[in-house]
>>> print(open('run-v1.txt').read())   # compact mmCIF, C-alpha atoms
# COMPACT_ATOMS: atom_id res chain seq x y z
CA MET Z 1 6.61 6.64 -40.61
CA GLY Z 2 6.56 3.36 -38.81
CA ASN Z 3 8.65 2.28 -35.86
CA ASN Z 4 12.10 1.22 -37.06
CA ASN Z 5 12.29 -1.49 -34.40
CA GLN Z 6 9.24 -3.25 -35.71
CA ILE Z 7 9.39 -6.04 -38.23
CA LYS Z 8 6.70 -5.68 -40.83
CA VAL Z 9 5.27 -8.88 -42.17
CA LEU Z 10 3.98 -7.98 -45.58
CA SER Z 11 1.53 -9.97 -47.59
CA ARG Z 12 3.23 -11.50 -50.58
CA ARG Z 13 1.17 -9.28 -52.83
CA ASP Z 14 2.35 -6.13 -51.05
CA ALA Z 15 5.92 -7.37 -50.85
CA LEU Z 16 6.03 -8.08 -54.56
CA LYS Z 17 4.55 -4.73 -55.48
CA LEU Z 18 6.86 -2.95 -53.10
CA ALA Z 19 9.96 -4.74 -54.38
CA GLY Z 20 8.90 -4.26 -57.98
CA THR Z 21 8.25 -0.58 -57.48
CA ALA Z 22 11.55 -0.09 -55.69
CA ALA Z 23 13.35 -1.92 -58.49
CA ALA Z 24 11.59 0.21 -61.10
CA PHE Z 25 12.46 3.43 -59.32
CA CYS Z 26 16.01 2.26 -58.79
CA ALA Z 27 16.35 1.84 -62.53
CA SER Z 28 14.24 4.78 -63.66
CA PHE Z 29 15.86 7.39 -61.48
CA GLY Z 30 19.32 5.92 -61.19
CA PHE Z 31 19.01 5.60 -57.42
CA LEU Z 32 22.02 3.87 -56.04
CA HIS Z 33 22.73 1.78 -52.99
CA ARG Z 34 25.93 2.61 -51.22
CA GLU Z 35 27.60 -0.15 -49.28
CA GLY Z 36 27.94 0.38 -45.59
CA GLU Z 37 25.01 2.73 -45.34
CA ALA Z 38 21.60 1.98 -43.98
CA GLY Z 39 19.69 3.32 -46.90
CA PRO Z 40 19.95 4.49 -50.48
CA HIS Z 41 20.87 8.11 -50.77
CA ALA Z 42 22.79 8.69 -53.91
CA GLN Z 43 21.20 9.07 -57.28
CA SER Z 44 22.51 9.95 -60.66
CA GLN Z 45 20.89 11.07 -63.84
CA VAL Z 46 23.07 10.25 -66.76
CA LYS Z 47 22.04 9.79 -70.35
CA GLY Z 48 23.74 6.53 -70.94
CA GLU Z 49 24.65 3.41 -69.14
CA LEU Z 50 23.62 3.11 -65.53
CA MET Z 51 26.41 4.56 -63.49
CA ARG Z 52 28.58 2.27 -61.48
CA THR Z 53 30.38 4.69 -59.24
CA HIS Z 54 32.89 3.75 -56.61
CA LYS Z 55 31.46 1.42 -53.97
CA ILE Z 56 28.64 0.52 -56.31
CA LYS Z 57 28.52 -2.87 -57.93
CA TRP Z 58 25.38 -2.90 -60.02
CA GLU Z 59 21.67 -2.36 -59.73
CA ARG Z 60 20.11 -4.31 -62.54
CA ALA Z 61 20.80 -7.50 -64.38
CA GLN Z 62 19.37 -8.12 -67.79
CA ILE Z 63 19.49 -10.84 -70.37
CA LYS Z 64 19.13 -9.96 -74.01
CA TRP Z 65 18.49 -12.22 -76.96
CA TYR Z 66 19.78 -11.19 -80.36
CA ALA Z 67 19.49 -12.41 -83.93
CA GLY Z 68 22.60 -10.91 -85.41
CA ASP Z 69 22.48 -7.32 -84.30
CA THR Z 70 18.71 -7.29 -83.85
CA LEU Z 71 17.47 -7.31 -80.32
CA LEU Z 72 14.73 -9.91 -80.10
CA HIS Z 73 13.87 -9.69 -76.42
CA ALA Z 74 15.20 -8.31 -73.20
CA GLY Z 75 14.27 -9.35 -69.70
CA ASN Z 76 15.33 -8.20 -66.27
CA PHE Z 77 16.28 -10.65 -63.58
CA PRO Z 78 13.45 -11.05 -61.06
CA PRO Z 79 13.93 -9.02 -57.86
CA ALA Z 80 14.37 -12.13 -55.72
CA VAL Z 81 17.17 -13.38 -57.96
CA LEU Z 82 18.75 -9.95 -58.01
CA LYS Z 83 18.73 -9.83 -54.23
CA HIS Z 84 20.44 -13.20 -54.03
CA LEU Z 85 23.06 -12.30 -56.61
CA GLN Z 86 23.80 -9.01 -54.89
CA SER Z 87 24.02 -10.47 -51.41
CA ASP Z 88 26.14 -13.55 -52.09
CA VAL Z 89 29.70 -12.86 -53.21
CA ASN Z 90 29.90 -16.39 -54.58
CA ALA Z 91 26.72 -16.12 -56.60
CA SER Z 92 26.98 -16.87 -60.27
CA VAL Z 93 24.80 -17.35 -63.29
CA GLN Z 94 25.02 -20.26 -65.67
CA ILE Z 95 23.16 -20.68 -68.93
CA LYS Z 96 22.50 -24.08 -70.40
CA TRP Z 97 20.74 -25.18 -73.53
CA TYR Z 98 18.71 -28.39 -73.57
CA ARG Z 99 16.77 -30.30 -76.16
CA SER Z 100 14.46 -33.09 -75.15
CA GLY Z 101 16.04 -33.11 -71.73
CA GLN Z 102 19.53 -33.54 -73.13
CA LEU Z 103 22.16 -30.95 -72.38
CA LEU Z 104 23.41 -29.46 -75.63
CA GLN Z 105 25.76 -26.80 -74.35
CA SER Z 106 26.74 -25.22 -71.07
CA MET Z 107 28.11 -21.73 -70.89
CA HIS Z 108 30.82 -20.64 -68.58
CA LYS Z 109 29.70 -19.47 -65.20
CA ILE Z 110 29.22 -15.73 -65.00
CA GLU Z 111 30.10 -14.28 -61.64
CA ALA Z 112 27.90 -11.50 -60.34
CA LYS Z 113 30.80 -9.55 -58.92
CA TRP Z 114 33.62 -7.47 -60.26
CA MET P 1 28.58 4.73 -74.88
CA SER P 2 30.62 2.00 -73.29
CA GLY P 3 30.88 1.00 -69.68
CA GLN P 4 34.52 2.03 -69.80
CA GLN P 5 33.49 5.56 -70.70
CA ALA P 6 30.82 5.60 -68.01
CA ARG P 7 33.32 4.70 -65.34
CA ARG P 8 35.57 7.55 -66.37
CA LEU P 9 32.97 10.21 -65.73
CA VAL P 10 34.24 12.60 -63.13
CA PHE P 11 31.63 14.53 -61.19
CA ASP P 12 33.69 17.63 -60.58
CA LEU P 13 31.35 20.37 -61.80
CA ARG P 14 29.07 22.49 -59.61
CA ARG P 15 26.28 24.81 -60.57
CA ASP P 16 28.61 27.78 -60.64
CA SER P 17 31.20 26.02 -62.78
CA PRO P 18 31.89 27.61 -66.18
CA PHE P 19 30.01 25.71 -68.87
CA SER P 20 28.09 26.30 -72.05
CA PHE P 21 26.61 24.00 -74.66
CA GLU P 22 25.45 25.12 -78.06
CA CYS P 23 23.36 22.29 -79.48
CA LEU P 24 23.01 22.19 -83.24
CA ALA P 25 20.43 19.40 -83.14
CA CYS P 26 22.56 16.96 -85.08
CA GLY P 27 20.91 14.13 -83.16
CA ARG P 28 24.11 12.18 -82.61
CA CYS P 29 23.51 12.11 -78.88
CA CYS P 30 20.18 10.32 -79.42
CA GLN P 31 21.93 7.18 -80.62
CA GLY P 32 23.43 4.36 -78.65
CA LYS P 33 22.11 5.58 -75.31
CA VAL P 34 20.11 4.02 -72.54
CA ILE P 35 17.36 6.50 -71.74
CA LEU P 36 15.94 5.77 -68.33
CA VAL P 37 12.56 7.31 -67.61
CA GLY P 38 10.39 7.74 -64.55
CA PRO P 39 6.61 7.64 -64.39
CA HIS P 40 6.26 11.42 -64.51
CA GLU P 41 8.39 11.57 -67.63
CA ILE P 42 6.34 8.82 -69.23
CA LEU P 43 3.21 10.84 -68.52
CA GLY P 44 4.63 13.99 -70.06
CA MET P 45 5.85 12.27 -73.21
CA ALA P 46 2.58 10.37 -73.58
CA ARG P 47 0.62 13.62 -73.50
CA VAL P 48 2.85 15.18 -76.16
CA LEU P 49 1.95 12.22 -78.38
CA GLY P 50 -1.73 12.40 -77.40
CA ALA P 51 -1.55 8.98 -75.85
CA GLY P 52 -2.21 7.39 -72.47
CA THR P 53 0.56 6.10 -70.28
CA THR P 54 -0.59 2.51 -70.66
CA GLU P 55 -0.22 2.71 -74.41
CA PHE P 56 3.04 4.58 -74.08
CA LEU P 57 4.55 1.98 -71.76
CA SER P 58 3.54 -0.79 -74.13
CA ARG P 59 4.75 0.84 -77.31
CA TYR P 60 7.79 2.82 -76.33
CA THR P 61 9.44 1.28 -73.29
CA GLU P 62 11.35 -1.83 -72.34
CA GLY P 63 13.12 -2.95 -69.21
CA GLY P 64 9.88 -3.28 -67.31
CA GLY P 65 8.77 0.21 -68.29
CA THR P 66 11.95 1.95 -67.17
CA THR P 67 13.80 2.46 -70.46
CA LEU P 68 12.89 3.98 -73.80
CA ARG P 69 13.03 1.62 -76.73
CA THR P 70 15.54 2.11 -79.48
CA THR P 71 15.32 1.39 -83.17
CA ASP P 72 17.33 -1.28 -84.94
CA ASP P 73 20.13 1.21 -85.53
CA SER P 74 20.10 2.02 -81.80
CA ARG P 75 18.48 5.42 -82.18
CA CYS P 76 16.02 6.62 -79.60
CA VAL P 77 12.53 5.65 -80.71
CA PHE P 78 11.51 9.32 -80.69
CA VAL P 79 14.03 10.58 -83.20
CA GLY P 80 11.92 11.57 -86.19
CA PRO P 81 12.70 10.71 -89.81
CA GLU P 82 14.00 14.24 -90.38
CA GLY P 83 15.87 14.25 -87.10
CA GLY P 84 14.55 16.09 -84.11
CA CYS P 85 12.78 14.75 -81.06
CA ARG P 86 9.07 13.91 -81.23
CA VAL P 87 8.64 14.46 -77.49
CA HIS P 88 11.00 17.38 -77.09
CA PRO P 89 8.64 19.61 -75.04
CA ARG P 90 8.49 16.88 -72.39
CA ARG P 91 11.81 15.14 -72.99
CA PRO P 92 13.25 13.28 -70.00
CA LEU P 93 15.66 14.75 -67.49
CA VAL P 94 18.68 12.85 -68.79
CA CYS P 95 18.10 14.35 -72.24
CA ARG P 96 17.80 17.83 -70.77
CA LEU P 97 21.01 17.35 -68.84
CA TYR P 98 23.06 16.04 -71.75
CA PRO P 99 26.02 16.42 -72.15
CA LEU P 100 26.09 16.55 -68.38
CA GLY P 101 25.37 13.80 -65.91
CA ARG P 102 24.05 14.73 -62.49
CA GLN P 103 24.72 13.00 -59.19
CA THR P 104 23.35 13.76 -55.76
CA GLY P 105 23.71 12.30 -52.32
CA GLY P 106 27.40 11.63 -52.54
CA ASP P 107 30.01 13.08 -50.27
CA ASP P 108 29.99 16.30 -52.25
CA GLY P 109 26.26 16.77 -52.60
CA GLU P 110 25.05 17.69 -56.05
CA ALA P 111 27.70 17.39 -58.75
CA PHE P 112 27.83 17.23 -62.49
CA ALA P 113 30.06 15.39 -64.93
CA LEU P 114 30.79 16.19 -68.55
CA TYR P 115 30.66 13.51 -71.22
CA GLY P 116 33.28 13.31 -73.88
CA ALA P 117 31.92 14.57 -77.18
CA HIS P 118 29.81 12.00 -78.98
CA PRO P 119 31.45 10.95 -82.28
CA GLY P 120 30.27 13.33 -84.96
CA CYS P 121 28.55 15.64 -82.49
CA GLN P 122 28.36 19.15 -83.93
CA ALA P 123 27.59 20.93 -80.67
CA VAL P 124 29.97 23.48 -79.24
CA ILE P 125 30.98 23.00 -75.64
CA GLY P 126 32.46 26.07 -74.02
CA ARG P 127 32.76 28.17 -70.90
CA ASP P 128 30.58 31.12 -71.85
CA GLY P 129 28.03 30.45 -69.12
CA THR P 130 27.64 28.31 -66.05
CA VAL P 131 26.17 24.93 -65.33
CA ALA P 132 23.30 26.77 -63.64
CA SER P 133 22.51 28.85 -66.72
CA PHE P 134 22.61 25.73 -68.88
CA LEU P 135 20.22 23.92 -66.54
CA GLU P 136 17.86 26.87 -66.61
CA SER P 137 17.88 26.95 -70.39
CA GLN P 138 16.90 23.28 -70.43
CA GLY P 139 14.01 23.63 -67.96
CA VAL P 140 15.62 21.12 -65.63
CA GLU P 141 14.38 22.28 -62.25
CA PRO P 142 10.88 20.74 -62.20
CA TYR P 143 12.40 17.42 -63.19
CA VAL P 144 15.05 17.66 -60.50
CA ASP P 145 12.35 18.36 -57.95
CA TRP P 146 10.24 15.42 -59.13
CA SER P 147 13.29 13.17 -58.94
CA ARG P 148 13.89 14.34 -55.39
CA ARG P 149 10.30 13.65 -54.38
CA TYR P 150 10.27 10.22 -55.98
CA SER P 151 13.61 9.48 -54.36
CA GLU P 152 12.03 10.14 -50.97
CA LEU P 153 9.38 7.56 -51.80
CA TYR P 154 12.08 5.15 -52.90
CA ILE P 155 13.93 5.54 -49.62
CA ARG P 156 10.72 4.79 -47.75
CA MET P 157 10.21 1.67 -49.87
CA ILE P 158 13.70 0.42 -49.12
CA GLU P 159 13.22 1.09 -45.42
CA ILE P 160 9.97 -0.86 -45.37
CA LEU P 161 11.52 -3.72 -47.31
CA GLY P 162 14.46 -3.71 -44.92
CA ARG P 163 12.14 -4.15 -41.97
CA ALA P 164 9.73 -6.56 -43.61
CA GLU P 165 9.48 -10.16 -44.45
CA PRO P 166 6.95 -11.82 -46.71
CA GLU P 167 4.10 -13.67 -45.11
CA PRO P 168 4.73 -17.42 -45.06
CA GLU P 169 3.45 -19.41 -48.00
CA SER P 170 1.13 -21.41 -45.80
CA ALA P 171 -0.64 -18.23 -44.81
CA ALA P 172 -2.42 -18.08 -48.11
CA ALA P 173 -4.33 -21.27 -47.43
CA GLY P 174 -4.62 -21.31 -43.67
CA PRO P 175 -4.92 -18.92 -40.75
CA ARG P 176 -2.81 -15.82 -41.30
CA VAL P 177 -0.44 -16.64 -38.44
CA ASP P 178 3.13 -17.84 -38.74
CA LYS P 179 3.17 -20.44 -35.97
CA GLU P 180 6.91 -20.97 -36.03
CA GLN P 181 7.68 -17.30 -35.59
CA ASN P 182 4.44 -16.55 -33.75
CA ARG P 183 4.03 -13.51 -35.87
CA THR P 184 0.90 -12.06 -37.27
CA PRO P 185 1.41 -11.04 -40.87
CA LEU P 186 0.70 -7.53 -41.89
CA THR P 187 -2.75 -7.45 -43.37
CA ALA P 188 -2.17 -3.93 -44.47
CA LYS P 189 -5.27 -1.86 -44.83
CA ALA P 190 -3.24 -0.19 -47.48
CA PRO P 191 -4.78 1.53 -50.42
CA ARG P 192 -4.32 -1.13 -53.02
CA ALA P 193 -1.51 -0.56 -55.40
CA PRO P 194 -2.96 -0.27 -58.87
CA SER P 195 -3.32 -3.47 -60.77
CA ASN P 196 -1.49 -4.19 -63.99
CA THR P 197 -4.38 -6.14 -65.36
CA GLY P 198 -7.41 -4.64 -63.70
CA ARG P 199 -10.38 -3.35 -65.59
CA SER P 200 -9.49 0.23 -64.81
CA ALA P 201 -6.08 -0.29 -66.32
CA ARG P 202 -7.70 -1.41 -69.52
CA LYS P 203 -10.09 1.45 -69.90
CA LYS P 204 -7.74 4.34 -69.88
CA ALA P 205 -6.65 6.12 -72.98
CA GLY P 206 -9.12 6.25 -75.81
CA THR P 207 -6.42 5.51 -78.30
CA GLN P 208 -5.56 2.37 -76.44
CA GLN P 209 -9.18 1.27 -76.47
CA SER P 210 -9.55 1.90 -80.17
CA ALA P 211 -6.29 0.16 -80.85
CA GLU P 212 -7.45 -2.86 -78.91
CA ARG P 213 -10.68 -2.92 -80.83
CA THR P 214 -9.02 -2.79 -84.20
CA GLY P 215 -5.89 -4.67 -83.33
CA LEU P 216 -3.91 -1.95 -85.07
CA PRO P 217 -1.67 0.77 -83.67
CA PRO P 218 -3.45 4.10 -83.28
CA ASP P 219 -1.52 5.75 -86.08
CA GLY P 220 -1.63 2.69 -88.27
CA SER P 221 1.94 3.30 -89.35
CA GLU P 222 3.86 0.89 -87.18
CA THR P 223 3.48 -2.57 -85.88
CA TRP P 224 2.93 -3.15 -82.21
CA PRO P 225 6.05 -4.16 -80.37
CA ALA P 226 5.87 -7.16 -78.15
CA PRO P 227 4.39 -6.04 -74.83
CA THR P 228 6.67 -6.09 -71.84
CA ALA P 229 5.62 -6.57 -68.25
CA GLN P 230 5.99 -3.52 -66.09
CA LEU P 231 8.10 -3.81 -62.99
CA SER P 232 5.44 -1.90 -61.10
CA PRO P 233 1.87 -0.79 -61.81
CA TRP P 234 2.83 2.55 -60.27
CA LEU P 235 4.79 3.34 -63.43
CA ASP P 236 1.48 3.75 -65.23
CA ILE P 237 0.21 7.07 -63.89
CA ASP P 238 -3.04 7.08 -65.87
CA SER P 239 -3.96 3.65 -64.55
CA SER P 240 -2.80 4.45 -61.03
CA LEU P 241 -4.81 7.65 -60.85
CA ALA P 242 -7.85 6.09 -62.50
CA GLU P 243 -8.05 3.58 -59.66
CA TYR P 244 -7.12 6.09 -56.99
CA CYS P 245 -9.66 8.67 -58.12
CA ALA P 246 -12.40 6.16 -58.79
CA ALA P 247 -12.13 4.93 -55.21
CA ARG P 248 -12.54 8.48 -53.95
CA GLY P 249 -15.06 9.85 -56.38
CA LEU P 250 -12.52 12.22 -57.88
CA ALA P 251 -11.86 13.16 -61.45
CA PRO P 252 -8.28 12.39 -62.56
CA PRO P 253 -6.40 15.64 -63.15
CA ALA P 254 -6.06 16.67 -66.76
CA ASP P 255 -3.03 18.83 -66.03
CA ILE P 256 0.25 16.96 -66.21
CA ASP P 257 1.87 18.60 -63.20
CA ALA P 258 -1.27 18.12 -61.10
CA ALA P 259 -1.39 14.47 -62.12
CA ILE P 260 2.22 13.99 -61.04
CA ASP P 261 1.50 15.64 -57.70
CA LEU P 262 -1.49 13.38 -57.15
CA HIS P 263 0.50 10.33 -58.20
CA ILE P 264 3.11 11.11 -55.58
CA ARG P 265 0.41 11.68 -52.98
CA ALA P 266 -1.26 8.37 -53.85
CA MET P 267 2.05 6.58 -53.46
CA GLU P 268 2.68 8.34 -50.15
CA GLU P 269 -0.68 7.11 -48.87
CA TRP P 270 0.09 3.59 -50.05
CA LEU P 271 3.43 3.58 -48.24
CA GLU P 272 1.94 5.21 -45.16
CA ALA P 273 -0.59 2.40 -44.89
CA LEU P 274 2.17 -0.19 -45.24
CA GLU P 275 4.27 1.56 -42.62
CA THR P 276 1.53 1.92 -40.05
CA GLY P 277 0.04 -1.52 -40.51
CA PRO P 278 0.34 -4.29 -37.89
CA SER P 279 3.85 -5.34 -36.98
CA VAL P 280 5.77 -7.34 -34.43
CA SER P 281 8.76 -6.42 -32.27
CA ALA P 282 12.17 -7.25 -33.60
>>> encode(input="run-v1.txt", output="C-alpha cells")
Amino acid sequence: MGNNNQIKVLSRRDALKLAGTAAAFCASFGFLHREGEAGPHAQSQVKGELMRTHKIKWERAQIKWYAGDTLLHAGNFPPAVLKHLQSDVNASVQIKWYRSGQLLQSMHKIEAKW
Amino acid sequence: MSGQQARRLVFDLRRDSPFSFECLACGRCCQGKVILVGPHEILGMARVLGAGTTEFLSRYTEGGGTTLRTTDDSRCVFVGPEGGCRVHPRRPLVCRLYPLGRQTGGDDGEAFALYGAHPGCQAVIGRDGTVASFLESQGVEPYVDWSRRYSELYIRMIEILGRAEPEPESAAAGPRVDKEQNRTPLTAKAPRAPSNTGRSARKKAGTQQSAERTGLPPDGSETWPAPTAQLSPWLDIDSSLAEYCAARGLAPPADIDAAIDLHIRAMEEWLEALETGPSVSA
C-alpha cells in the first residue's frame, strides 16, 4: 500500500478507470459510504432497491426514458457529476427541452438531497 | 419493491437467529426487483448459458454492467417461459439470500433483514432452522467471500482516489509537469486496465464472434438489446483475463473459481502499481 501522506497524481486515463471501477463496484456489491468515516466499510446485499440506510444518502443517480411503461433507455450520471451532486448540499438537477435553440419546457429543479 | 419498503428493512437477524424458508418456486420474487451483479457473478451466469462475459454484459445487463435487465413486465430476464431460473446454478448472491438482505460493516457487524412477503409469494417462512442453515442450503458462502475480497479492492480504490488528483489537462499536450503545483503526475507503470474496445476484448467468446459475423444473436431467438457502456472494463472478466494472460504468456483459466481468483489478483496488481507509483508530499 502506498504512503497515506502522499498525493497521487493520476493520469486522466487511470483516474477515469479507477473512478469507473469504484462506481461499478459500489453499485454491483452495494458498498456504501458512511458519512464521517474515512473510507467505505459497510456493504449490503439486498435483492431490490439499493439500500439507503441511516447516514446514507444515495450512491447512484440514473435517468430513465420511458414510452408509456416501456423503458427505452437508462443512463447513469457520470462519476464527476455524481461527485459534485454528492458533495454540494445545494446541488440540483434541472431538465430542459429545446427545439431549434428555443426552450420548450423547463422542469422543476430536482434537489440531490433528502 | 418500493423505496418505502426498502427503508423499513430492519437488520436484526444474526446467523443463529431462527429462520426457515421453503421456496415453492412460484417466481414472484423474480419480478419488480433490481438485481445487482458483480463481475464474478456475471462470469458464472455467462458460463451456465455457454456464453462469454462480453456477450453477457451486452445482452443481459444495464446500468453500466451492474444490473440484470428485466423484461417489459419487469421480470428478471432469466425467468424462463415455464418459470424457473435459467442461471440458477450460478444465480447471484442477492437471489441466494432472498428473502433476506445482508449487511456488513455496520456497528453490529454482519446482520440480516427479512423482507415482507412478496404479493402472491407461495413460500413458507418459518422458524424451523436458522439463518446459518438457510445460507448453507443456498450455497452462499463462496459468494460472501468473493464480495469480501472485492470489497477490499473497492476500499483500496477509494483510498487511492481520496489521495489522488487527475493530471492537469495541459499535461496531455506538453511536458508532464504541473507548473503551478510543481507536481509530477503519476505516470503509473501500472498494468494497464483492460480496454473496453481493444482487440482482445473483441475476440473473446466464440458465440460473440459468430454473432458479430452474422449480425444475429447466438440463439437466433431474440433481438439484440441496445448495447450499454460498461462503467469499468474490469467488469468483463473474460476480456480482463485475456489481456492479463496474453501479456504474461498464460492461458486464461477455464475453471470459474480459478478465473475469479486470477481476476482479483490482476486487479490487486493494477492497484498496487497505482499505489506505488510516483507521488508528491501532501
>>> closest_residue(input="run-v1.txt", among="P:Ile256, P:Cys29, P:Met45, P:Ala123", to="chain Z", atoms="only C-alpha atoms")
P:Cys29
>>> atom_distance(input="run-v1.txt", atom1="atom CA of P:Ala113", atom2="atom CA of P:Glu62")
26.5 Å
>>> atom_distance(input="run-v1.txt", atom1="atom CA of P:Gly27", atom2="atom CA of P:Ile125")
15.4 Å
>>> atom_distance(input="run-v1.txt", atom1="atom CA of P:Gly83", atom2="atom CA of P:Leu24")
11.4 Å
>>> closest_residue(input="run-v1.txt", among="P:Asp257, P:Glu275, P:Glu41, P:Glu22", to="P:Leu68", atoms="only C-alpha atoms")
P:Glu41
>>> residues_around(input="run-v1.txt", residues="stretch 76-78 of chain Z", least_positions_apart="6", cutoff="10 Å", atoms="all atoms listed in the file", output="list in words")
Ala19, Gly20, Ala23, Arg60, Ala61, Gln62, Ile63, Lys64 and Leu85 of chain Z; Glu62, Gly63, Gly64 and Leu231 of chain P
>>> residues_around(input="run-v1.txt", residues="stretch 89-96 of chain P", least_positions_apart="2", cutoff="8 Å", atoms="all atoms listed in the file", output="PyMOL selection string")
(chain Z and resi 45-47) or (chain P and resi 35-37+41+44-45+48+87+98+101+135+138-140+143-144)
>>> closest_residue(input="run-v1.txt", among="P:Ile160, P:Ala254, P:Leu241, P:Cys85", to="chain Z", atoms="only C-alpha atoms")
P:Ile160
>>> closest_residue(input="run-v1.txt", among="P:Val79, P:Ala164, P:Leu13, P:Leu97", to="chain Z", atoms="only C-alpha atoms")
P:Ala164
>>> closest_residue(input="run-v1.txt", among="P:Asp128, P:Glu243, P:Asp72, P:Glu110", to="chain Z", atoms="all atoms listed in the file")
P:Asp72
